[in-house]
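What follows is work_26.cif (mmCIF, C-alpha atoms).
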```cif
data_start
#
loop_
_atom_site.label_atom_id
_atom_site.label_comp_id
_atom_site.auth_asym_id
_atom_site.auth_seq_id
_atom_site.Cartn_x
_atom_site.Cartn_y
_atom_site.Cartn_z
CA MET G 28 0.00 0.00 0.00
CA SER G 29 2.99 2.30 0.26
CA GLN G 30 3.48 2.48 -3.50
CA GLN G 31 2.32 5.95 -4.58
CA GLY G 32 3.93 6.10 -8.04
CA PRO G 33 6.97 7.96 -9.40
CA ARG G 34 5.28 11.38 -9.09
CA HIS G 35 4.94 10.96 -5.33
CA ASP G 36 8.41 9.41 -5.07
CA LEU G 37 9.67 12.68 -6.52
CA LYS G 38 7.73 14.65 -3.90
CA ARG G 39 9.23 12.49 -1.16
CA GLN G 40 12.76 13.02 -2.54
CA LEU G 41 12.23 16.77 -2.61
CA LEU G 42 10.99 16.78 0.98
CA ASP G 43 13.82 14.52 2.14
CA GLY G 44 16.31 16.77 0.36
CA ALA G 45 14.90 19.84 2.09
CA ARG G 46 15.14 18.12 5.49
CA SER G 47 18.70 17.07 4.74
CA ARG G 48 19.65 20.65 3.86
CA LYS G 49 18.16 21.87 7.14
CA ARG G 50 20.15 19.28 9.13
CA SER G 51 23.39 20.16 7.35
CA ARG G 52 23.36 23.88 8.17
CA PRO G 53 26.69 25.15 9.54
CA ALA G 54 26.59 25.42 13.33
CA ALA G 55 27.32 29.14 13.17
CA GLU G 56 24.37 29.89 10.87
CA PRO G 57 21.70 31.86 12.79
CA GLN G 58 18.43 29.98 13.19
CA PRO G 59 15.08 31.67 12.48
CA GLY G 60 13.88 33.61 15.52
CA ALA G 61 17.21 33.35 17.37
CA THR G 62 18.42 36.30 19.42
CA ALA G 63 21.66 37.62 17.92
CA GLY G 64 24.77 36.24 19.64
CA GLN G 65 22.87 34.06 22.12
CA GLY G 66 21.31 31.27 20.06
CA ARG G 67 18.06 31.74 21.99
CA VAL G 68 14.65 31.66 20.32
CA SER G 69 12.44 34.71 20.74
CA GLU G 70 9.55 34.07 23.13
CA ARG G 71 7.04 35.08 20.47
CA PHE G 72 7.90 31.91 18.56
CA THR G 73 7.00 29.69 21.54
CA ARG G 74 3.58 31.14 22.47
CA PHE G 75 0.29 30.49 20.70
CA ASP G 76 -1.11 33.83 21.84
CA ALA G 77 1.68 35.46 19.83
CA HIS G 78 0.80 33.56 16.64
CA PRO G 79 -0.23 35.95 13.80
CA GLY G 80 -3.56 34.16 13.43
CA TYR G 81 -4.45 34.61 17.08
CA GLN G 82 -3.30 38.22 16.98
CA GLN G 83 -5.64 38.91 14.04
CA LEU G 84 -8.50 37.18 15.85
CA THR G 85 -7.89 39.31 18.95
CA LEU G 86 -7.98 42.50 16.88
CA MET G 87 -11.27 41.47 15.30
CA ARG G 88 -12.81 40.64 18.68
CA ASP G 89 -11.65 43.93 20.19
CA ALA G 90 -13.07 45.89 17.25
CA ALA G 91 -16.43 44.10 17.58
CA LYS G 92 -16.51 44.81 21.31
CA ARG G 93 -15.87 48.54 20.75
CA LEU G 94 -18.78 48.58 18.29
CA GLY G 95 -21.02 46.82 20.78
CA LEU G 96 -21.45 43.78 18.54
CA VAL G 97 -22.02 40.21 19.67
CA ASP G 98 -19.87 37.56 17.99
CA PRO G 99 -22.10 36.11 15.23
CA PHE G 100 -20.07 32.93 14.89
CA PHE G 101 -20.52 29.53 16.56
CA ARG G 102 -24.16 30.22 17.37
CA CYS G 103 -25.56 27.04 18.88
CA HIS G 104 -28.64 25.56 17.22
CA GLN G 105 -30.69 23.63 19.78
CA GLY G 106 -32.31 21.29 17.27
CA ASN G 107 -32.58 20.69 13.56
CA ALA G 108 -31.69 23.73 11.45
CA GLY G 109 -34.02 24.26 8.50
CA ALA G 110 -36.06 27.27 7.42
CA THR G 111 -36.41 27.94 11.13
CA SER G 112 -34.18 27.00 14.04
CA ARG G 113 -34.00 27.36 17.80
CA ILE G 114 -31.11 29.46 19.13
CA ASP G 115 -30.82 30.84 22.69
CA ASP G 116 -34.18 29.26 23.55
CA ARG G 117 -36.13 31.11 20.88
CA GLU G 118 -37.24 30.29 17.37
CA VAL G 119 -35.66 32.28 14.55
CA ILE G 120 -36.06 32.39 10.79
CA ASN G 121 -32.89 30.72 9.62
CA PHE G 122 -30.90 31.71 6.52
CA ALA G 123 -27.57 30.28 7.67
CA SER G 124 -27.83 26.55 6.87
CA TYR G 125 -27.39 24.48 3.71
CA ASN G 126 -30.48 22.33 4.26
CA TYR G 127 -31.62 23.21 0.74
CA LEU G 128 -34.24 20.50 0.21
CA GLY G 129 -35.26 20.10 3.85
CA PHE G 130 -34.02 16.52 4.13
CA SER G 131 -32.06 17.07 7.34
CA GLY G 132 -34.65 16.33 10.01
CA ASP G 133 -37.04 14.54 7.65
CA PRO G 134 -38.40 11.52 9.61
CA ARG G 135 -37.63 9.14 6.74
CA VAL G 136 -34.02 10.32 6.57
CA ASN G 137 -33.71 10.12 10.35
CA GLN G 138 -35.01 6.56 10.27
CA ALA G 139 -32.41 5.62 7.67
CA ALA G 140 -29.71 6.71 10.14
CA ILE G 141 -31.32 4.73 12.95
CA ASP G 142 -31.62 1.60 10.83
CA ALA G 143 -28.00 1.86 9.68
CA VAL G 144 -26.50 2.35 13.13
CA GLN G 145 -28.55 -0.50 14.57
CA HIS G 146 -27.36 -2.86 11.83
CA TYR G 147 -23.73 -1.78 11.40
CA GLY G 148 -22.82 -0.07 14.67
CA SER G 149 -21.58 3.47 15.15
CA SER G 150 -18.22 3.04 13.37
CA VAL G 151 -16.82 0.82 10.63
CA SER G 152 -13.63 0.85 12.71
CA ALA G 153 -11.11 0.71 9.86
CA SER G 154 -10.21 2.18 6.51
CA ARG G 155 -12.44 0.71 3.85
CA ILE G 156 -9.61 -0.91 1.91
CA VAL G 157 -8.46 -2.83 5.00
CA SER G 158 -11.67 -4.04 6.63
CA GLY G 159 -14.05 -1.12 6.88
CA GLU G 160 -16.12 -1.79 3.75
CA ARG G 161 -19.89 -2.17 4.25
CA PRO G 162 -22.64 -2.80 1.68
CA ILE G 163 -24.13 0.62 2.33
CA HIS G 164 -20.96 2.29 1.01
CA GLY G 165 -21.33 0.62 -2.36
CA GLU G 166 -25.07 1.38 -2.45
CA LEU G 167 -24.44 5.09 -1.84
CA GLU G 168 -21.66 5.29 -4.45
CA SER G 169 -23.73 3.45 -7.04
CA ALA G 170 -26.64 5.85 -6.43
CA ILE G 171 -24.37 8.87 -6.86
CA ALA G 172 -22.88 7.46 -10.08
CA GLU G 173 -26.37 6.79 -11.40
CA ALA G 174 -27.47 10.35 -10.55
CA TYR G 175 -24.53 11.68 -12.58
CA ASP G 176 -24.88 9.10 -15.35
CA VAL G 177 -21.21 8.15 -15.02
CA GLU G 178 -19.40 4.85 -14.50
CA ALA G 179 -18.50 5.12 -10.83
CA ALA G 180 -18.22 7.26 -7.69
CA VAL G 181 -16.24 7.17 -4.46
CA ALA G 182 -17.29 8.69 -1.11
CA PHE G 183 -14.88 10.39 1.31
CA VAL G 184 -15.60 11.13 4.97
CA SER G 185 -15.05 14.89 4.51
CA GLY G 186 -15.99 17.25 1.70
CA HIS G 187 -12.91 19.39 2.31
CA ALA G 188 -10.68 16.30 2.33
CA THR G 189 -12.24 15.15 -0.94
CA ASN G 190 -10.77 18.10 -2.83
CA VAL G 191 -7.52 18.13 -0.87
CA SER G 192 -6.83 14.45 -1.45
CA THR G 193 -8.05 14.26 -5.05
CA LEU G 194 -6.08 17.24 -6.33
CA GLY G 195 -3.15 16.45 -4.05
CA TYR G 196 -2.83 12.95 -5.49
CA LEU G 197 -3.78 13.26 -9.17
CA LEU G 198 -1.50 16.20 -9.98
CA GLY G 199 2.19 16.73 -9.30
CA PRO G 200 5.37 18.49 -10.44
CA GLY G 201 5.23 18.97 -14.17
CA ASP G 202 1.46 19.58 -14.11
CA LEU G 203 -0.68 22.72 -14.05
CA ILE G 204 -3.85 23.54 -12.10
CA LEU G 205 -5.93 26.48 -13.36
CA HIS G 206 -8.77 27.57 -11.12
CA ASP G 207 -11.37 30.28 -10.79
CA GLU G 208 -10.17 32.97 -8.39
CA TYR G 209 -13.23 32.30 -6.18
CA ILE G 210 -12.60 28.56 -5.88
CA HIS G 211 -13.11 26.97 -2.45
CA ASN G 212 -10.25 26.74 0.04
CA SER G 213 -10.25 22.93 -0.20
CA ALA G 214 -9.26 23.07 -3.87
CA LEU G 215 -6.52 25.60 -3.11
CA VAL G 216 -5.07 23.40 -0.38
CA GLY G 217 -5.22 20.37 -2.66
CA ALA G 218 -3.46 22.28 -5.43
CA GLN G 219 -0.72 23.38 -3.03
CA LEU G 220 -0.29 19.84 -1.74
CA SER G 221 0.07 18.45 -5.26
CA GLY G 222 3.23 20.40 -6.03
CA ALA G 223 1.77 21.35 -9.42
CA ARG G 224 2.05 24.86 -10.81
CA ARG G 225 -1.06 26.83 -9.87
CA MET G 226 -2.64 29.79 -11.67
CA SER G 227 -5.96 31.53 -11.06
CA PHE G 228 -8.12 33.29 -13.64
CA PRO G 229 -10.69 36.06 -13.02
CA HIS G 230 -14.05 34.86 -11.80
CA ASN G 231 -16.07 33.10 -14.52
CA ASP G 232 -13.80 34.61 -17.19
CA ALA G 233 -13.53 31.86 -19.80
CA ASP G 234 -11.61 34.10 -22.20
CA ALA G 235 -8.90 34.69 -19.58
CA LEU G 236 -8.67 30.93 -19.02
CA ASP G 237 -8.39 30.35 -22.76
CA ASP G 238 -5.54 32.85 -22.95
CA LEU G 239 -3.68 31.20 -20.04
CA LEU G 240 -3.96 27.81 -21.70
CA ARG G 241 -2.86 29.15 -25.06
CA ARG G 242 0.30 30.56 -23.46
CA HIS G 243 1.13 27.84 -20.94
CA ARG G 244 -0.41 24.49 -21.96
CA PRO G 245 2.63 23.25 -23.97
CA GLN G 246 4.89 23.61 -20.92
CA PHE G 247 3.06 21.03 -18.80
CA GLU G 248 2.03 17.39 -18.86
CA ARG G 249 -1.41 17.13 -17.23
CA VAL G 250 -3.55 20.25 -16.91
CA LEU G 251 -6.63 20.49 -14.70
CA ILE G 252 -9.22 23.30 -14.76
CA VAL G 253 -11.25 23.65 -11.54
CA ILE G 254 -14.53 25.57 -11.32
CA GLU G 255 -17.66 25.41 -9.15
CA GLY G 256 -21.22 24.61 -10.16
CA LEU G 257 -22.67 27.35 -7.94
CA TYR G 258 -20.44 29.81 -6.11
CA SER G 259 -21.48 30.02 -2.48
CA MET G 260 -20.30 33.59 -1.90
CA ASP G 261 -22.06 35.11 -4.91
CA GLY G 262 -24.76 32.66 -5.96
CA ASP G 263 -23.71 32.69 -9.62
CA LEU G 264 -22.60 29.93 -11.96
CA PRO G 265 -20.12 29.33 -14.81
CA ASP G 266 -20.90 28.97 -18.50
CA LEU G 267 -20.30 25.22 -18.57
CA PRO G 268 -20.51 24.73 -22.37
CA ARG G 269 -17.81 27.36 -22.86
CA PHE G 270 -15.50 25.79 -20.27
CA VAL G 271 -16.01 22.35 -21.81
CA GLU G 272 -15.14 23.67 -25.28
CA ILE G 273 -11.96 25.26 -23.90
CA LYS G 274 -10.81 22.18 -22.02
CA GLN G 275 -11.39 19.95 -25.04
CA ARG G 276 -9.50 22.25 -27.39
CA HIS G 277 -6.53 22.46 -25.01
CA GLN G 278 -6.58 18.76 -24.10
CA SER G 279 -7.09 19.38 -20.42
CA TRP G 280 -9.18 17.91 -17.61
CA LEU G 281 -12.18 19.79 -16.20
CA MET G 282 -13.30 19.41 -12.59
CA VAL G 283 -16.59 20.86 -11.31
CA ASP G 284 -17.18 21.28 -7.58
CA GLU G 285 -20.94 20.79 -7.10
CA ALA G 286 -21.06 21.28 -3.34
CA HIS G 287 -23.80 23.91 -3.72
CA SER G 288 -25.25 23.10 -7.16
CA PHE G 289 -26.29 19.45 -6.80
CA GLY G 290 -29.90 19.36 -5.64
CA VAL G 291 -30.31 23.04 -6.53
CA LEU G 292 -29.87 23.41 -10.30
CA GLY G 293 -31.80 21.62 -13.03
CA GLU G 294 -35.37 20.40 -13.36
CA HIS G 295 -34.67 17.41 -11.08
CA GLY G 296 -31.85 18.95 -9.04
CA LEU G 297 -29.17 17.01 -10.89
CA GLY G 298 -26.87 20.00 -10.96
CA LEU G 299 -24.94 22.00 -13.51
CA ARG G 300 -25.03 19.40 -16.29
CA GLU G 301 -28.83 19.21 -16.12
CA HIS G 302 -29.09 23.00 -15.99
CA PHE G 303 -27.19 23.20 -19.29
CA ASP G 304 -28.52 19.88 -20.66
CA MET G 305 -25.04 18.50 -21.27
CA PRO G 306 -23.70 14.91 -21.17
CA ALA G 307 -22.00 14.10 -17.89
CA ASN G 308 -18.85 12.80 -19.59
CA ASN G 309 -18.09 16.29 -20.91
CA VAL G 310 -16.69 16.90 -17.44
CA ASP G 311 -13.81 14.69 -16.30
CA ILE G 312 -14.23 15.00 -12.53
CA TRP G 313 -17.50 15.72 -10.73
CA MET G 314 -17.12 16.58 -7.06
CA GLY G 315 -19.84 17.14 -4.50
CA THR G 316 -20.67 16.99 -0.81
CA MET G 317 -23.23 15.12 1.26
CA SER G 318 -23.58 17.85 3.91
CA LYS G 319 -26.02 20.07 2.01
CA THR G 320 -28.75 18.65 -0.21
CA LEU G 321 -28.01 15.07 0.88
CA ALA G 322 -28.40 15.71 4.63
CA GLY G 323 -25.26 13.88 5.71
CA CYS G 324 -21.55 14.55 5.83
CA GLY G 325 -18.61 13.85 3.54
CA GLY G 326 -17.79 14.30 -0.13
CA TYR G 327 -17.68 12.34 -3.35
CA ILE G 328 -15.94 12.13 -6.70
CA ALA G 329 -17.87 10.82 -9.71
CA GLY G 330 -16.51 10.01 -13.15
CA CYS G 331 -14.98 7.20 -15.16
CA GLN G 332 -14.04 3.87 -13.60
CA ALA G 333 -10.30 4.45 -13.99
CA LEU G 334 -10.49 7.73 -12.06
CA VAL G 335 -12.49 6.20 -9.22
CA ASP G 336 -10.33 3.07 -9.00
CA THR G 337 -7.21 5.23 -8.79
CA LEU G 338 -8.61 7.30 -5.93
CA ARG G 339 -10.02 4.30 -4.04
CA HIS G 340 -6.62 2.58 -3.99
CA LEU G 341 -4.17 5.49 -3.84
CA ALA G 342 -5.67 8.82 -2.66
CA PRO G 343 -4.37 9.31 0.92
CA GLY G 344 -7.59 10.91 2.17
CA PHE G 345 -9.46 7.73 1.29
CA LEU G 346 -6.79 5.05 1.63
CA TYR G 347 -5.60 6.09 5.10
CA SER G 348 -8.90 7.35 6.51
CA VAL G 349 -11.47 5.36 8.44
CA GLY G 350 -14.54 4.58 6.34
CA MET G 351 -17.71 6.64 6.48
CA PRO G 352 -19.96 5.54 9.39
CA ALA G 353 -23.07 3.73 8.20
CA GLN G 354 -25.38 6.16 9.99
CA VAL G 355 -23.85 8.96 7.88
CA ALA G 356 -24.06 7.06 4.58
CA GLY G 357 -27.64 5.91 5.22
CA PRO G 358 -29.29 9.35 5.40
CA SER G 359 -27.53 10.56 2.24
CA LEU G 360 -28.62 7.44 0.38
CA LYS G 361 -32.22 7.98 1.51
CA ALA G 362 -32.11 11.73 0.70
CA LEU G 363 -30.90 10.95 -2.82
CA GLU G 364 -33.74 8.46 -3.27
CA LEU G 365 -36.30 11.01 -2.03
CA MET G 366 -34.86 13.76 -4.24
CA HIS G 367 -35.68 11.63 -7.28
CA GLN G 368 -39.15 10.83 -5.96
CA GLU G 369 -40.07 14.37 -4.89
CA PRO G 370 -38.82 16.86 -7.52
CA GLN G 371 -41.33 19.38 -6.17
CA ARG G 372 -38.81 20.15 -3.42
CA VAL G 373 -36.36 21.36 -6.05
CA HIS G 374 -39.09 23.42 -7.72
CA ARG G 375 -40.08 25.03 -4.40
CA LEU G 376 -36.44 25.86 -3.64
CA GLN G 377 -35.97 27.47 -7.04
CA ALA G 378 -39.23 29.42 -6.74
CA ILE G 379 -38.57 30.83 -3.25
CA SER G 380 -34.98 31.69 -4.21
CA ARG G 381 -36.18 33.65 -7.25
CA TYR G 382 -38.80 35.38 -5.10
CA PHE G 383 -36.16 36.46 -2.57
CA LEU G 384 -33.90 37.77 -5.33
CA GLU G 385 -36.68 39.65 -7.14
CA GLN G 386 -38.01 41.28 -3.97
CA ALA G 387 -34.53 42.26 -2.83
CA ARG G 388 -33.72 43.87 -6.17
CA GLN G 389 -37.04 45.75 -6.22
CA MET G 390 -36.00 47.25 -2.88
CA GLY G 391 -32.74 48.42 -4.44
CA LEU G 392 -30.53 45.98 -2.53
CA ASP G 393 -27.24 44.97 -4.13
CA THR G 394 -27.44 41.22 -4.76
CA GLY G 395 -24.40 41.10 -7.03
CA GLU G 396 -24.42 38.44 -9.73
CA SER G 397 -26.71 35.98 -7.93
CA ILE G 398 -29.02 34.02 -10.23
CA GLY G 399 -31.45 33.35 -7.38
CA ALA G 400 -30.72 29.68 -6.74
CA ALA G 401 -30.41 28.90 -3.01
CA VAL G 402 -27.69 31.52 -2.43
CA VAL G 403 -28.43 35.26 -2.43
CA PRO G 404 -25.93 37.78 -1.01
CA VAL G 405 -26.88 41.30 -0.01
CA ILE G 406 -23.70 43.34 -0.40
CA ILE G 407 -23.31 45.99 2.30
CA GLY G 408 -19.84 47.35 1.52
CA SER G 409 -18.55 47.54 5.10
CA SER G 410 -17.56 44.75 7.46
CA ALA G 411 -18.62 46.72 10.54
CA ARG G 412 -22.00 47.53 9.01
CA ALA G 413 -22.56 43.95 7.82
CA ALA G 414 -21.77 42.61 11.30
CA GLY G 415 -24.05 45.23 12.86
CA LEU G 416 -26.91 44.33 10.55
CA SER G 417 -26.49 40.63 11.31
CA HIS G 418 -26.68 41.42 15.02
CA SER G 419 -29.74 43.67 14.64
CA LEU G 420 -31.58 41.10 12.53
CA PHE G 421 -30.79 38.37 15.04
CA GLU G 422 -32.32 40.50 17.77
CA ARG G 423 -35.44 40.59 15.59
CA GLY G 424 -35.52 36.80 15.21
CA ILE G 425 -33.69 36.43 11.88
CA ASN G 426 -30.47 34.44 11.68
CA VAL G 427 -28.20 35.42 8.78
CA GLN G 428 -24.41 35.37 8.80
CA PRO G 429 -22.18 38.30 7.78
CA ILE G 430 -19.26 37.66 5.44
CA LEU G 431 -16.49 40.03 6.40
CA HIS G 432 -13.02 41.09 5.28
CA PRO G 433 -10.65 39.27 4.70
CA ALA G 434 -13.01 36.50 3.51
CA VAL G 435 -14.15 39.02 0.88
CA PRO G 436 -12.78 42.47 -0.03
CA GLU G 437 -13.94 45.15 2.42
CA GLN G 438 -16.13 46.82 -0.20
CA SER G 439 -17.83 43.45 -0.80
CA ALA G 440 -18.72 42.68 2.84
CA ARG G 441 -22.19 41.19 2.83
CA LEU G 442 -25.00 39.28 4.42
CA ARG G 443 -25.32 35.85 2.84
CA PHE G 444 -28.78 34.28 2.67
CA PHE G 445 -29.16 30.53 2.13
CA LEU G 446 -32.67 29.53 1.07
CA SER G 447 -34.51 26.28 1.75
CA CYS G 448 -37.49 24.77 -0.02
CA GLU G 449 -39.27 25.16 3.34
CA HIS G 450 -38.96 28.95 3.47
CA THR G 451 -42.19 30.83 2.80
CA GLU G 452 -42.88 34.09 1.00
CA ALA G 453 -44.13 35.51 4.31
CA GLN G 454 -40.76 34.74 5.94
CA VAL G 455 -38.92 36.36 3.04
CA ASP G 456 -41.17 39.46 3.21
CA GLN G 457 -40.65 39.75 6.97
CA THR G 458 -36.89 39.41 6.60
CA LEU G 459 -36.50 41.95 3.80
CA ALA G 460 -38.76 44.46 5.57
CA ALA G 461 -36.65 44.15 8.71
CA LEU G 462 -33.45 44.52 6.69
CA GLU G 463 -34.79 47.63 4.97
CA GLU G 464 -35.67 49.19 8.32
CA GLU G 465 -32.26 48.41 9.81
CA LEU G 466 -30.44 49.75 6.76
CA ALA G 467 -32.35 53.04 7.10
CA ARG G 468 -31.17 53.55 10.70
#
```
Whole structure, structure tokens version:
Amino acid sequence: MSQQGPRHDLKRQLLDGARSRKRSRPAAEPQPGATAGQGRVSERFTRFDAHPGYQQLTLMRDAAKRLGLVDPFFRCHQGNAGATSRIDDREVINFASYNYLGFSGDPRVNQAAIDAVQHYGSSVSASRIVSGERPIHGELESAIAEAYDVEAAVAFVSGHATNVSTLGYLLGPGDLILHDEYIHNSALVGAQLSGARRMSFPHNDADALDDLLRRHRPQFERVLIVIEGLYSMDGDLPDLPRFVEIKQRHQSWLMVDEAHSFGVLGEHGLGLREHFDMPANNVDIWMGTMSKTLAGCGGYIAGCQALVDTLRHLAPGFLYSVGMPAQVAGPSLKALELMHQEPQRVHRLQAISRYFLEQARQMGLDTGESIGAAVVPVIIGSSARAAGLSHSLFERGINVQPILHPAVPEQSARLRFFLSCEHTEAQVDQTLAALEEELAR
């Protein structure tokens, strides 16, 4: 199981070489952080409260305290979080969860978890390749592959780890990863881990991508383009046919992260390919998560059999990780079954999302490039003001999270609304009226 191929052997040699160079430093060479002439390390390099990350967090907390704001993060939901939730012992309208089709908390989905844990126990207790495989894993992966109309799929225990491990393994030195500038952190970390050359292109700018490929494609072996099906910060989507045409012309791979688009786009919720009515095999790697539409946890890769076999046997995030617990796989399998049976949930989600977007725009709110599909931002233009509005709305029984600098540029600070098929027009009207009143203060 230790054989990872020549590309990873090269990575290991590079790392070993770097360690060797560190060990072979001359004794007189000053070490990072050492006090001149004493060989002592500065105290700031031995304390976590002196770490730059903690220092930044402290500054943010102090600024919020001076403004009289309550920390909007890590709010504790006291039950299932859907269109409404219970926080601090009171019910609020909830726009901060990804329960797009309302399957989290559905009694049938809950029962699937109960049945699975009673039959298989609470853990599979090993990596799947060793002895953690259970029938429910194969059933879930077959259902995902069928939904995408591809040969196979593989499920990881974490959505973030799915991107990290897939990109980190498939690409290496000599390869190129081109990604949308708004791509998720998990894809960035995977690209960095791979050792491949990484370049970003302006958001949804296919012409810029085409130009990068025209100039750089001949210099690399494998080239992967990474985009998202629905961007969770802006609620917009890429022109898939254009990206497919570009990747085919430049003999590259195309990967689409459908964390937020599967279950949201298309007549039956089958995602970006259904939205554009395109064959699934026009995209080389489909990625998605179970934590949103599918009411579970984890991620998946869907595509050709060779891709999936490679990841199942060699991707570290699958090979060396314990298998997905049955009570996590069971609900996602049931949610996928119900999604096919009840397409009206998708239709309700799309309708209420459009209603929110239309009403917000009629009020003159800046919703950016959102298409009105589950994700609608209201751009405020100031982190302090966005945080203040989130706090004021929470006091009025509306839970919506602010997105602040540095997550987005300061002028793009926003409130980010996630819609569910269970939201009502009355809840949307109440929310937008309250937001309009608070903005006027």
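As for CA of Leu376 in chain G and CA of Ser447 in chain G, they are spaced 5.7 Å apart.
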Residues selected by the PyMOL selection byres ((chain G and resi 249) around 6), written as a PyMOL selection string: chain G and resi 202+248+250
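Taking CA of Ile398 in chain G and CA of Leu384 in chain G as endpoints, the distance between them is 7.9 Å.
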Minimum-distance residue to Val403 in chain G, chosen among G:Asp89, G:Asp261, G:Asp456, G:Glu463 (using only C-alpha atoms):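 Closest residue, counting only C-alpha atoms: G:Asp261.
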Under the PyMOL selection byres ((chain G and resi 284) around 12), which residues of this model are included? Write them out as an MDAnalysis selection string. chainID G and resid 186:187 189:190 193:194 206:207 209:214 252:259 264:265 281:283 285:289 298:300 310:316 326:329
Which one of G:Gln332, G:Ser410, G:Asn426, G:Thr394 sits closest to Ser112 in chain G if you count all atoms listed in the file?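 Nearest candidate to Ser112 in chain G out of G:Gln332, G:Ser410, G:Asn426, G:Thr394: G:Asn426.
What separates CA of Leu198 in chain G from CA of Ser279 in chain G is a distance of 12.3 Å.
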What are the centre and the three edge lengths of an axis-aligned box that wraps all atoms of range 444-448 of chain G in the file, given that 4 Å is added to every side, written as AutoDock Vina command-line options and rounded to one decimal in Å?
```
--center_x -33.1 --center_y 29.5 --center_z 1.3 --size_x 16.7 --size_y 17.5 --size_z 10.7
```
Residues near Glu166 in chain G, anyone? I mean within 12 Å using all atoms listed in the file, not counting same-chain ones fewer than 3 positions away, as a PDB file with C-alpha atoms, keeping the file's coordinate frame.
```pdb
ATOM      1  CA  GLU G 160     -16.120  -1.790   3.750  1.00  0.00           C
ATOM      2  CA  ARG G 161     -19.890  -2.170   4.250  1.00  0.00           C
ATOM      3  CA  PRO G 162     -22.640  -2.800   1.680  1.00  0.00           C
ATOM      4  CA  ILE G 163     -24.130   0.620   2.330  1.00  0.00           C
ATOM      5  CA  SER G 169     -23.730   3.450  -7.040  1.00  0.00           C
ATOM      6  CA  ALA G 170     -26.640   5.850  -6.430  1.00  0.00           C
ATOM      7  CA  ILE G 171     -24.370   8.870  -6.860  1.00  0.00           C
ATOM      8  CA  ALA G 172     -22.880   7.460 -10.080  1.00  0.00           C
ATOM      9  CA  GLU G 173     -26.370   6.790 -11.400  1.00  0.00           C
ATOM     10  CA  ALA G 179     -18.500   5.120 -10.830  1.00  0.00           C
ATOM     11  CA  ALA G 180     -18.220   7.260  -7.690  1.00  0.00           C
ATOM     12  CA  VAL G 181     -16.240   7.170  -4.460  1.00  0.00           C
ATOM     13  CA  ALA G 182     -17.290   8.690  -1.110  1.00  0.00           C
ATOM     14  CA  ALA G 353     -23.070   3.730   8.200  1.00  0.00           C
ATOM     15  CA  ALA G 356     -24.060   7.060   4.580  1.00  0.00           C
ATOM     16  CA  GLY G 357     -27.640   5.910   5.220  1.00  0.00           C
ATOM     17  CA  PRO G 358     -29.290   9.350   5.400  1.00  0.00           C
ATOM     18  CA  SER G 359     -27.530  10.560   2.240  1.00  0.00           C
ATOM     19  CA  LEU G 360     -28.620   7.440   0.380  1.00  0.00           C
ATOM     20  CA  LYS G 361     -32.220   7.980   1.510  1.00  0.00           C
ATOM     21  CA  LEU G 363     -30.900  10.950  -2.820  1.00  0.00           C
ATOM     22  CA  GLU G 364     -33.740   8.460  -3.270  1.00  0.00           C
TER      23      GLU G 364
END
```
Minimum-distance residue to Leu167 in chain G, chosen among G:Met260, G:Ile141, G:Leu321, G:Ala153 (using all atoms listed in the file): G:Leu321
